[in-house]
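What follows is entry_37.txt (compact mmCIF, C-alpha atoms and all ligand atoms).
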```txt
# COMPACT_ATOMS: atom_id res chain seq x y z
CA MET D 1 21.12 -3.11 -8.54
CA GLU D 2 19.11 -4.71 -5.71
CA LYS D 3 19.02 -8.31 -4.38
CA VAL D 4 15.37 -9.39 -4.65
CA SER D 5 13.56 -12.61 -3.72
CA VAL D 6 10.12 -13.15 -5.27
CA PHE D 7 7.84 -15.66 -3.53
CA GLY D 8 5.25 -17.25 -5.79
CA ALA D 9 5.86 -18.29 -9.41
CA GLY D 10 2.38 -17.98 -10.82
CA SER D 11 1.31 -15.48 -13.47
CA TRP D 12 2.10 -12.39 -11.48
CA GLY D 13 5.21 -13.49 -9.61
CA THR D 14 6.72 -14.65 -12.89
CA ALA D 15 5.75 -11.48 -14.75
CA LEU D 16 7.22 -9.23 -12.06
CA SER D 17 10.36 -11.38 -12.02
CA TYR D 18 10.55 -10.80 -15.79
CA VAL D 19 10.54 -7.02 -15.15
CA LEU D 20 13.11 -7.27 -12.34
CA ALA D 21 15.39 -9.47 -14.44
CA GLN D 22 15.16 -7.06 -17.36
CA ASN D 23 16.03 -4.23 -14.94
CA ASN D 24 19.20 -6.21 -14.16
CA HIS D 25 18.47 -6.80 -10.50
CA ASP D 26 19.90 -9.85 -8.72
CA LEU D 27 16.66 -11.79 -8.65
CA LEU D 28 15.68 -15.21 -7.28
CA LEU D 29 12.13 -16.54 -7.82
CA TRP D 30 10.84 -19.09 -5.30
CA THR D 31 8.24 -21.72 -6.12
CA HIS D 32 7.03 -24.53 -3.88
CA ARG D 33 7.34 -27.00 -6.76
CA GLN D 34 10.77 -28.29 -7.84
CA GLU D 35 9.52 -29.18 -11.29
CA GLN D 36 8.32 -25.60 -11.79
CA ALA D 37 11.72 -24.25 -10.71
CA ASP D 38 13.38 -26.62 -13.18
CA GLU D 39 11.14 -25.41 -16.02
CA ILE D 40 11.66 -21.73 -15.18
CA ASN D 41 15.43 -22.29 -15.19
CA GLN D 42 14.92 -23.47 -18.78
CA ASN D 43 13.27 -20.08 -19.42
CA THR D 44 9.57 -20.99 -19.59
CA ASN D 45 6.59 -21.21 -17.19
CA LYS D 46 4.01 -22.50 -19.66
CA ARG D 47 1.19 -23.25 -17.19
CA TYR D 48 0.92 -19.55 -16.36
CA LEU D 49 2.54 -17.62 -19.20
CA LYS D 50 2.30 -20.07 -22.05
CA ASP D 51 3.95 -18.09 -24.84
CA THR D 52 6.65 -16.30 -22.87
CA GLN D 53 10.41 -16.80 -23.16
CA LEU D 54 11.83 -15.81 -19.77
CA PRO D 55 15.09 -13.81 -19.46
CA GLU D 56 18.28 -15.85 -18.97
CA ASN D 57 18.98 -14.05 -15.68
CA LEU D 58 15.57 -15.01 -14.22
CA LYS D 59 16.54 -17.85 -11.89
CA ALA D 60 14.20 -19.98 -9.74
CA THR D 61 14.53 -22.20 -6.70
CA SER D 62 12.23 -24.43 -4.65
CA ASP D 63 14.52 -24.05 -1.62
CA LEU D 64 12.76 -21.51 0.61
CA SER D 65 15.74 -20.90 2.86
CA GLU D 66 17.84 -20.06 -0.22
CA ALA D 67 15.27 -17.40 -1.20
CA VAL D 68 15.10 -16.11 2.40
CA GLU D 69 18.89 -15.77 2.42
CA HIS D 70 19.09 -14.17 -1.04
CA GLY D 71 17.09 -10.94 -1.06
CA ASP D 72 17.11 -7.63 0.79
CA ILE D 73 13.70 -6.99 -0.76
CA TYR D 74 10.98 -9.67 -0.69
CA VAL D 75 8.12 -9.58 -3.20
CA LEU D 76 5.19 -11.69 -1.96
CA ALA D 77 3.24 -12.84 -5.04
CA VAL D 78 1.13 -15.73 -3.80
CA PRO D 79 -2.68 -15.62 -3.56
CA THR D 80 -4.17 -14.04 -0.46
CA LYS D 81 -5.08 -17.45 0.96
CA ALA D 82 -1.36 -18.42 0.98
CA ILE D 83 0.10 -15.21 2.43
CA ARG D 84 0.07 -16.30 6.07
CA GLU D 85 1.49 -19.77 5.30
CA VAL D 86 4.35 -18.37 3.21
CA CYS D 87 5.15 -15.70 5.84
CA GLN D 88 5.18 -18.38 8.55
CA ASP D 89 7.63 -20.45 6.47
CA ILE D 90 9.82 -17.39 5.72
CA LYS D 91 9.90 -16.47 9.43
CA LYS D 92 11.55 -19.81 10.29
CA SER D 93 14.90 -18.73 8.80
CA LEU D 94 14.60 -14.92 8.60
CA ASN D 95 17.27 -13.13 10.66
CA ARG D 96 17.54 -9.59 9.28
CA LYS D 97 15.45 -6.56 8.30
CA ILE D 98 13.69 -6.85 4.95
CA LEU D 99 11.70 -4.43 2.81
CA PHE D 100 8.52 -6.37 2.02
CA VAL D 101 6.48 -5.74 -1.12
CA HIS D 102 3.15 -7.48 -1.57
CA VAL D 103 1.45 -7.61 -4.97
CA SER D 104 -1.64 -9.63 -4.01
CA LYS D 105 -5.23 -8.42 -4.13
CA GLY D 106 -7.56 -9.69 -1.46
CA ILE D 107 -9.01 -9.39 2.02
CA GLU D 108 -8.97 -12.30 4.49
CA PRO D 109 -12.49 -13.52 5.33
CA ASP D 110 -13.45 -13.65 9.02
CA SER D 111 -10.36 -11.77 10.27
CA LEU D 112 -11.17 -9.02 7.69
CA LYS D 113 -7.48 -8.17 7.55
CA ARG D 114 -5.81 -6.49 4.61
CA ILE D 115 -2.71 -8.22 3.27
CA SER D 116 -0.22 -5.71 4.77
CA GLU D 117 -1.88 -6.35 8.15
CA MET D 118 -1.51 -10.11 7.70
CA ILE D 119 2.20 -9.71 6.91
CA ARG D 120 2.73 -7.56 10.00
CA GLU D 121 0.91 -10.18 12.09
CA GLU D 122 3.05 -13.05 10.84
CA ILE D 123 6.54 -11.53 10.48
CA PRO D 124 8.21 -10.24 13.68
CA GLU D 125 8.34 -6.40 13.65
CA GLN D 126 12.14 -6.48 14.14
CA TRP D 127 12.53 -8.05 10.65
CA ILE D 128 10.23 -5.63 8.82
CA GLU D 129 11.89 -2.50 7.37
CA ASP D 130 8.49 -1.64 5.85
CA VAL D 131 5.66 -3.07 3.74
CA VAL D 132 4.98 -1.58 0.29
CA VAL D 133 1.89 -2.50 -1.75
CA LEU D 134 2.38 -2.72 -5.53
CA SER D 135 -0.99 -2.61 -7.30
CA GLY D 136 -2.76 -1.30 -10.38
CA PRO D 137 -4.15 -2.12 -13.82
CA SER D 138 -1.65 -4.79 -14.80
CA HIS D 139 -2.45 -8.09 -16.50
CA ALA D 140 0.61 -10.33 -16.35
CA GLU D 141 0.09 -11.48 -19.94
CA GLU D 142 0.55 -7.92 -21.22
CA VAL D 143 3.48 -7.07 -18.94
CA VAL D 144 5.58 -9.92 -20.36
CA GLN D 145 4.73 -8.66 -23.86
CA GLU D 146 6.22 -5.35 -22.68
CA HIS D 147 2.98 -3.49 -23.35
CA PRO D 148 2.81 -0.11 -21.55
CA THR D 149 1.64 -0.69 -17.97
CA THR D 150 1.18 1.61 -14.98
CA VAL D 151 1.03 0.60 -11.32
CA THR D 152 1.31 2.25 -7.91
CA ALA D 153 3.76 1.58 -5.09
CA ALA D 154 1.98 2.50 -1.86
CA CYS D 155 3.60 3.05 1.53
CA GLU D 156 3.26 5.76 4.19
CA ASN D 157 7.08 5.81 4.18
CA THR D 158 7.76 7.69 0.94
CA ALA D 159 11.42 6.59 0.87
CA ALA D 160 10.30 2.95 0.81
CA ALA D 161 7.73 3.66 -1.90
CA ASN D 162 10.35 5.50 -3.96
CA ARG D 163 12.79 2.59 -3.61
CA ILE D 164 10.18 0.18 -5.02
CA GLN D 165 9.29 2.69 -7.73
CA ASP D 166 12.96 2.72 -8.79
CA LEU D 167 13.18 -1.10 -8.52
CA PHE D 168 10.43 -1.80 -11.08
CA MET D 169 10.37 1.31 -13.30
CA ASN D 170 11.40 0.88 -16.94
CA HIS D 171 10.28 1.92 -20.43
CA TYR D 172 7.15 -0.27 -20.41
CA PHE D 173 6.44 -0.54 -16.66
CA ARG D 174 5.69 2.91 -15.16
CA VAL D 175 5.38 3.10 -11.37
CA TYR D 176 3.68 5.90 -9.41
CA THR D 177 3.81 6.30 -5.63
CA ASN D 178 0.98 6.82 -3.13
CA THR D 179 0.89 7.00 0.68
CA ASP D 180 -2.67 5.63 1.01
CA VAL D 181 -2.04 1.94 1.74
CA ILE D 182 -5.63 1.31 2.91
CA GLY D 183 -7.17 2.79 -0.23
CA VAL D 184 -4.76 0.97 -2.54
CA GLU D 185 -5.36 -2.40 -0.85
CA ILE D 186 -9.15 -1.97 -0.70
CA GLY D 187 -9.36 -0.85 -4.33
CA GLY D 188 -7.19 -3.69 -5.60
CA ALA D 189 -9.08 -6.32 -3.62
CA LEU D 190 -12.66 -5.22 -4.19
CA LYS D 191 -12.38 -4.57 -7.94
CA ASN D 192 -12.29 -8.35 -8.29
CA ILE D 193 -15.83 -8.55 -6.86
CA ILE D 194 -17.10 -6.08 -9.45
CA ALA D 195 -15.27 -7.94 -12.23
CA LEU D 196 -17.03 -11.16 -11.20
CA ALA D 197 -20.37 -9.30 -11.33
CA VAL D 198 -19.63 -7.81 -14.76
CA GLY D 199 -18.60 -11.23 -16.00
CA ILE D 200 -21.97 -12.53 -14.85
CA THR D 201 -23.97 -9.83 -16.64
CA ASP D 202 -21.90 -10.42 -19.79
CA GLY D 203 -22.50 -14.17 -19.44
CA LEU D 204 -26.24 -13.55 -19.09
CA GLY D 205 -26.09 -11.74 -22.43
CA TYR D 206 -26.61 -8.24 -21.08
CA GLY D 207 -24.71 -5.49 -22.87
CA ASP D 208 -22.39 -2.58 -22.28
CA ASN D 209 -25.07 -0.54 -20.46
CA ALA D 210 -25.16 -3.15 -17.70
CA LYS D 211 -21.35 -3.32 -17.63
CA ALA D 212 -21.11 0.46 -17.20
CA ALA D 213 -23.78 0.45 -14.51
CA ILE D 214 -22.07 -2.28 -12.45
CA MET D 215 -18.63 -0.66 -12.83
CA THR D 216 -19.87 2.82 -11.86
CA ARG D 217 -22.02 1.78 -8.91
CA GLY D 218 -19.40 -0.80 -7.98
CA LEU D 219 -16.74 1.88 -7.66
CA ALA D 220 -19.17 3.87 -5.49
CA GLU D 221 -19.56 1.00 -3.02
CA ILE D 222 -15.84 0.25 -3.00
CA ALA D 223 -15.09 3.92 -2.18
CA ARG D 224 -17.92 4.04 0.39
CA LEU D 225 -16.40 1.13 2.33
CA GLY D 226 -12.80 2.21 1.79
CA VAL D 227 -13.34 5.71 3.18
CA LYS D 228 -15.13 4.23 6.22
CA MET D 229 -11.99 2.07 6.74
CA GLY D 230 -9.70 5.12 6.59
CA ALA D 231 -8.85 5.42 2.88
CA THR D 232 -8.36 8.71 1.02
CA PRO D 233 -11.34 9.24 -1.34
CA LEU D 234 -9.22 10.38 -4.28
CA THR D 235 -7.29 7.08 -4.31
CA PHE D 236 -10.35 5.41 -5.86
CA SER D 237 -10.16 7.77 -8.86
CA GLY D 238 -6.61 6.56 -9.51
CA LEU D 239 -4.80 3.58 -11.00
CA THR D 240 -5.58 1.21 -8.10
CA GLY D 241 -9.25 2.22 -8.06
CA VAL D 242 -11.00 3.02 -11.31
CA GLY D 243 -7.91 2.03 -13.32
CA ASP D 244 -7.77 -1.53 -12.06
CA LEU D 245 -11.57 -1.75 -12.20
CA ILE D 246 -11.50 -0.90 -15.92
CA VAL D 247 -8.70 -3.31 -16.80
CA THR D 248 -10.28 -6.19 -14.87
CA CYS D 249 -13.91 -5.69 -15.94
CA THR D 250 -13.12 -5.23 -19.63
CA SER D 251 -10.45 -7.84 -20.30
CA VAL D 252 -10.54 -11.51 -21.24
CA HIS D 253 -7.21 -11.76 -19.37
CA SER D 254 -9.12 -11.34 -16.11
CA ARG D 255 -9.65 -14.59 -14.22
CA ASN D 256 -12.40 -12.90 -12.17
CA TRP D 257 -14.24 -11.69 -15.28
CA ARG D 258 -13.87 -15.10 -16.94
CA ALA D 259 -15.15 -16.87 -13.82
CA GLY D 260 -18.16 -14.54 -13.66
CA ASN D 261 -18.81 -15.07 -17.35
CA MET D 262 -18.96 -18.84 -16.87
CA LEU D 263 -21.28 -18.40 -13.86
CA GLY D 264 -23.54 -16.18 -15.97
CA LYS D 265 -23.64 -18.88 -18.63
CA GLY D 266 -24.93 -21.36 -16.06
CA LYS D 267 -21.84 -23.21 -14.81
CA SER D 268 -21.62 -24.00 -11.10
CA LEU D 269 -18.93 -22.41 -8.94
CA ASP D 270 -17.20 -25.80 -8.56
CA GLU D 271 -17.17 -26.29 -12.35
CA VAL D 272 -15.77 -22.76 -12.83
CA LEU D 273 -12.96 -23.20 -10.29
CA GLU D 274 -12.10 -26.63 -11.74
CA GLU D 275 -11.81 -25.10 -15.21
CA MET D 276 -9.92 -21.91 -14.24
CA GLY D 277 -6.66 -23.47 -13.02
CA MET D 278 -5.63 -20.12 -11.55
CA VAL D 279 -6.67 -18.10 -8.55
CA VAL D 280 -9.99 -16.21 -8.65
CA GLU D 281 -9.41 -13.84 -5.76
CA GLY D 282 -12.87 -12.29 -6.04
CA ILE D 283 -14.60 -15.38 -4.64
CA ARG D 284 -13.05 -15.20 -1.15
CA THR D 285 -12.98 -11.39 -1.26
CA THR D 286 -16.74 -11.28 -1.86
CA LYS D 287 -17.22 -13.06 1.48
CA ALA D 288 -14.75 -10.75 3.23
CA ALA D 289 -16.28 -7.58 1.72
CA TYR D 290 -19.79 -8.75 2.63
CA GLN D 291 -18.61 -9.21 6.22
CA LEU D 292 -16.90 -5.79 6.14
CA SER D 293 -20.10 -4.13 4.86
CA LYS D 294 -21.92 -5.48 7.94
CA ALA D 295 -19.07 -4.63 10.33
CA TYR D 296 -18.88 -1.02 9.09
CA ASP D 297 -22.63 -0.70 8.36
CA VAL D 298 -21.94 0.29 4.74
CA PRO D 299 -24.54 -0.55 2.05
CA MET D 300 -22.85 -2.62 -0.70
CA PRO D 301 -25.71 -3.89 -2.89
CA ILE D 302 -23.57 -5.38 -5.68
CA THR D 303 -21.32 -7.19 -3.21
CA SER D 304 -24.40 -8.44 -1.32
CA ALA D 305 -26.04 -9.65 -4.54
CA LEU D 306 -22.88 -11.50 -5.58
CA TYR D 307 -22.54 -13.00 -2.10
CA ALA D 308 -26.10 -14.38 -2.46
CA VAL D 309 -25.22 -15.94 -5.83
CA LEU D 310 -21.93 -17.44 -4.65
CA PHE D 311 -22.88 -18.61 -1.18
CA ASP D 312 -26.71 -18.62 -0.83
CA ASN D 313 -27.79 -20.36 -4.05
CA VAL D 314 -29.57 -17.30 -5.40
CA SER D 315 -29.81 -17.42 -9.20
CA THR D 316 -27.94 -14.81 -11.23
CA ASP D 317 -31.23 -13.74 -12.84
CA ASP D 318 -32.89 -13.21 -9.45
CA ALA D 319 -29.84 -11.27 -8.20
CA VAL D 320 -30.00 -8.88 -11.17
CA GLU D 321 -33.78 -8.43 -10.75
CA LYS D 322 -33.33 -7.63 -7.05
CA LEU D 323 -30.56 -5.11 -7.78
CA MET D 324 -32.67 -3.33 -10.38
CA GLY D 325 -35.74 -3.29 -8.12
CA ARG D 326 -34.11 -1.51 -5.18
CA MET D 327 -35.62 1.66 -3.67
CA LYS D 328 -35.21 4.86 -5.70
CA LYS D 329 -32.17 6.97 -4.71
CA ASN D 330 -30.36 10.20 -5.46
CA GLU D 331 -27.18 8.99 -7.18
CA MET D 332 -24.90 11.18 -5.10
CA GLU D 333 -26.63 11.09 -1.71
CA ASP D 334 -24.19 8.58 -0.20
CA LEU D 335 -21.11 9.82 -2.05
CA ILE D 336 -21.22 13.48 -1.14
CA ASN D 337 -19.88 12.81 2.35
CA LEU D 338 -16.85 10.95 0.92
CA LEU D 339 -15.31 14.27 -0.09
N1 LIG D 401 -2.13 -12.42 -12.78
C1 LIG D 401 -2.17 -11.11 -12.85
O1 LIG D 401 -2.23 -10.53 -13.94
C2 LIG D 401 -2.14 -10.31 -11.59
C3 LIG D 401 -2.31 -10.90 -10.35
N2 LIG D 401 -2.27 -10.13 -9.22
C4 LIG D 401 -2.42 -10.74 -7.89
O2 LIG D 401 -1.28 -11.54 -7.62
C5 LIG D 401 -1.63 -12.56 -6.68
C6 LIG D 401 -1.08 -13.87 -7.21
O3 LIG D 401 -1.89 -14.18 -8.30
P1 LIG D 401 -1.40 -14.90 -9.64
O4 LIG D 401 0.07 -15.03 -9.71
O5 LIG D 401 -2.12 -14.24 -10.76
O6 LIG D 401 -2.04 -16.34 -9.36
P2 LIG D 401 -1.80 -17.68 -10.18
O7 LIG D 401 -3.01 -18.53 -9.93
O8 LIG D 401 -1.40 -17.34 -11.55
O9 LIG D 401 -0.53 -18.33 -9.43
C7 LIG D 401 -0.58 -18.54 -8.04
C8 LIG D 401 0.78 -19.09 -7.64
O10 LIG D 401 0.81 -19.21 -6.23
C9 LIG D 401 1.23 -20.53 -5.91
N3 LIG D 401 0.69 -20.93 -4.61
C10 LIG D 401 -0.61 -21.11 -4.29
N4 LIG D 401 -0.70 -21.49 -3.00
C11 LIG D 401 0.58 -21.55 -2.51
C12 LIG D 401 1.14 -21.88 -1.25
N5 LIG D 401 0.37 -22.21 -0.22
N6 LIG D 401 2.49 -21.85 -1.11
C13 LIG D 401 3.27 -21.52 -2.16
N7 LIG D 401 2.81 -21.17 -3.39
C14 LIG D 401 1.47 -21.20 -3.54
C15 LIG D 401 0.71 -21.38 -7.03
O11 LIG D 401 1.41 -22.60 -7.03
P3 LIG D 401 0.91 -23.83 -7.95
O12 LIG D 401 1.40 -23.53 -9.32
O13 LIG D 401 1.59 -25.03 -7.33
O14 LIG D 401 -0.59 -23.90 -7.85
C16 LIG D 401 1.03 -20.49 -8.22
O15 LIG D 401 2.37 -20.61 -8.61
C17 LIG D 401 -3.15 -12.54 -6.57
O16 LIG D 401 -3.54 -11.90 -5.36
C18 LIG D 401 -3.59 -11.68 -7.78
O17 LIG D 401 -4.79 -10.96 -7.52
C19 LIG D 401 -2.07 -8.77 -9.26
C20 LIG D 401 -1.90 -8.15 -10.47
C21 LIG D 401 -1.92 -8.86 -11.71
O1 LIG D 402 -5.36 -7.73 -10.96
C1 LIG D 402 -5.35 -8.00 -12.15
C2 LIG D 402 -5.18 -6.94 -13.19
O2 LIG D 402 -4.84 -5.71 -12.62
C3 LIG D 402 -5.60 -9.39 -12.63
O3 LIG D 402 -6.99 -9.60 -12.49
P1 LIG D 402 -7.55 -11.09 -12.39
O4 LIG D 402 -7.09 -11.64 -11.06
O5 LIG D 402 -9.05 -10.93 -12.49
O6 LIG D 402 -6.95 -11.85 -13.54
```

Could you express the structure from this file as structure tokens?
Amino acid sequence: MEKVSVFGAGSWGTALSYVLAQNNHDLLLWTHRQEQADEINQNTNKRYLKDTQLPENLKATSDLSEAVEHGDIYVLAVPTKAIREVCQDIKKSLNRKILFVHVSKGIEPDSLKRISEMIREEIPEQWIEDVVVLSGPSHAEEVVQEHPTTVTAACENTAAANRIQDLFMNHYFRVYTNTDVIGVEIGGALKNIIALAVGITDGLGYGDNAKAAIMTRGLAEIARLGVKMGATPLTFSGLTGVGDLIVTCTSVHSRNWRAGNMLGKGKSLDEVLEEMGMVVEGIRTTKAAYQLSKAYDVPMPITSALYAVLFDNVSTDDAVEKLMGRMKKNEMEDLINLL
């Protein structure tokens, strides 16, 4: 049994706490809202997992220093935009080495940092045993129904990855390990861009052909950028690449797909975000990936088209027309050098 503190009581932090509680770990879930902690301690978190009865041993607190004191393993489960703030608050009372796990999927715009890099920038090195990334095709709603789910624990330190594999593994939550942190973080973050794009084409009334086209060429541009950033090409053919792309682009559980679908049906970005009530990581990540494509000189046509829709007032119809009208290409010409 491990002592674990989970930071962030949204859909994913709560679902992972469900798994950890069922695995009989000594778990404490931190939320920044007292009323949410009170509700969770009555075994529900209806705003995020409306039909779920939480395990009796899943306890919550809104006292950050209590959560900092509790765990030897920290699971950071807040949206990318909150990672730095939460790390800065944790740092105020942290006084020992911790194994950090982050389960978020995003890239920070402007700094272009991956989440593990942000954590290492904010938490003093002396307090970091290591940083493991837990990512893969895993909708929270299905995890708490104990539907079979597979994810990957990524860390160059295989002992750390194995420890997190053991922490979460059970009969419905199967954890693989991988040493390619860059590839796992890039795949998990950028699949949200492609899910937004697929949601748009679905919202425009296009069919499965368009969905398959966006997913396939989307994976190509994710891998193209990832390899330029130091990722292992094969990672993108795994759970955190094509696996998470499939589960996000083809599921009504996906907030990114749902947001794209509303955009495709004509709603404004403000209207979509107002209606969602949960994080849509793909919005900020589109900006970050667009900036990365320029920084690394990597063509990312789908990301660029979505950037134009989200931030340059280009219509979704015009974006699709421009994508389809691009210069003729050999499908593999830019992929062959990934291998
Ligand atoms: N949901 C899923 O199925 C999966 C999500 N993920 C990833 O997990 C990460 C978290 O997403 P998810 O849980 O789904 O998001 P949700 O929108 O469901 O919940 C976000 C949670 O973070 C809290 N929060 C936001 N800002 C802060 C802050 N500054 N300080 C403290 N808490 C804050 C919110 O609090 P409040 O309630 O007050 O708004 C809320 O509890 C994302 O990167 C996502 O991509 C990964 C795999 C699966
Ligand atoms: O990452 C997820 C599934 O693996 C959840 O995707 P959304 O953030 O689009 O809901």

*Pick out the residues no farther than 8 Å from ligand LIG 401 (chain D), counting all atoms listed in the file, and list them as number ranges by chain.*
D: 7-14, 31-33, 36, 47-48, 77-83, 85-86, 103-106, 135-141, 188-189, 192, 253-255, 277-281

*asked:* Could you check the closest approach to Leu273 of chain D for each of D:Ala295, D:Val143, D:Met324, D:Ala259 and tell me which residue wins, using all atoms listed in the file?
replied: D:Ala259

*Using only C-alpha atoms and all ligand atoms, pick whichever of D:Asn95, D:Thr152, D:Thr201, D:Thr179 has the shortest atom-to-atom distance to ligand LIG 402 (chain D).*
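The answer is D:Thr152, which sits nearest to ligand LIG 402 (chain D).
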
*Residues within 7 Å of (-2.0, 8.5, 1.1), file coords, only C-alpha atoms, listed as a ChimeraX atom specification*: /D:156,178-181,232

*Within 8 Å of Gln34 of chain D, counting only C-alpha atoms, which residues qualify if same-chain residues fewer than 4 places away don't, as a ChimeraX atom specification?*
/D:38,61-62

What would the file look like if the residues just selected were written as a compact mmCIF listing (two decimals), in the frame of the given file with C-alpha atoms?
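Result written to part-v2.txt:
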```
# COMPACT_ATOMS: atom_id res chain seq x y z
CA ASP D 38 13.38 -26.62 -13.18
CA THR D 61 14.53 -22.20 -6.70
CA SER D 62 12.23 -24.43 -4.65
```

*asked:* Measuring between all atoms listed in the file, which one of D:Lys50, D:Lys97, D:Arg217, D:Lys191 shows the shortest distance to ligand LIG 402 (chain D)?
replied: D:Lys191

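If you measure from each of D:Ile90, D:Met1, D:Arg96, D:Thr149 to Ile123 of chain D using only C-alpha atoms, the closest one turns out to be D:Ile90.
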
_Using only C-alpha atoms for the distances, tell me which of D:Ile302, D:Val4, D:Leu269, D:Leu58 is nearest to Tyr18 of chain D._
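Among the listed residues, D:Leu58 lies closest to Tyr18 of chain D.
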
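If you measure from each of D:Ile119, D:Leu292, D:Val252, D:Val298 to ligand LIG 402 (chain D) using all atoms listed in the file, the closest one turns out to be D:Val252.
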
*Using only C-alpha atoms, which residues sit within 12 Å of Pro299 of chain D once same-chain residues fewer than 2 positions away are excluded, as a list in words?*
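The filter keeps Arg217, Gly218, Ala220, Glu221, Ile222, Ala223, Arg224, Leu225, Lys228, Ala289, Tyr290, Gln291, Leu292, Ser293, Lys294, Ala295, Tyr296, Asp297, Pro301, Ile302, Thr303, Ser304, Ala305, Asp334 and Leu335 of chain D.
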
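Take atom CA of Gly266 of chain D and atom C3 of ligand LIG 402 (chain D): the distance between them is 23.0 Å.
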
_List as an NGL selection string the protein and nucleic acid residues near Gln22 of chain D, meaning an atom at most 12 Å away when all atoms listed in the file are counted, but skip any in the same chain fewer than 6 places from it._
:D and (1 or 15-16 or 54-58 or 143-144 or 146 or 167-173)

*Please indicate the distance in Å from atom O5 of ligand LIG 402 (chain D) to atom CA of Thr248 of chain D, rounded to one decimal place.*
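Between atom O5 of ligand LIG 402 (chain D) and atom CA of Thr248 of chain D the gap works out to 5.4 Å.
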
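The space between atom CA of Arg258 of chain D and atom CA of His102 of chain D spans 24.2 Å.
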
*What's the 8 Å shell around Ala161 of chain D, counting only C-alpha atoms, without same-chain residues fewer than 5 positions away, as a list in words?*
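Skipping anything fewer than 5 positions along the chain leaves Val132, Ala153, Ala154, Cys155, Glu156, Thr177 and Asn178 of chain D.
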
*Residue contacts of Lys211 of chain D (9 Å, all atoms listed in the file) excluding same-chain residues fewer than 5 positions away, as a ChimeraX atom specification*: /D:197-199,201-202,206,216,249-250
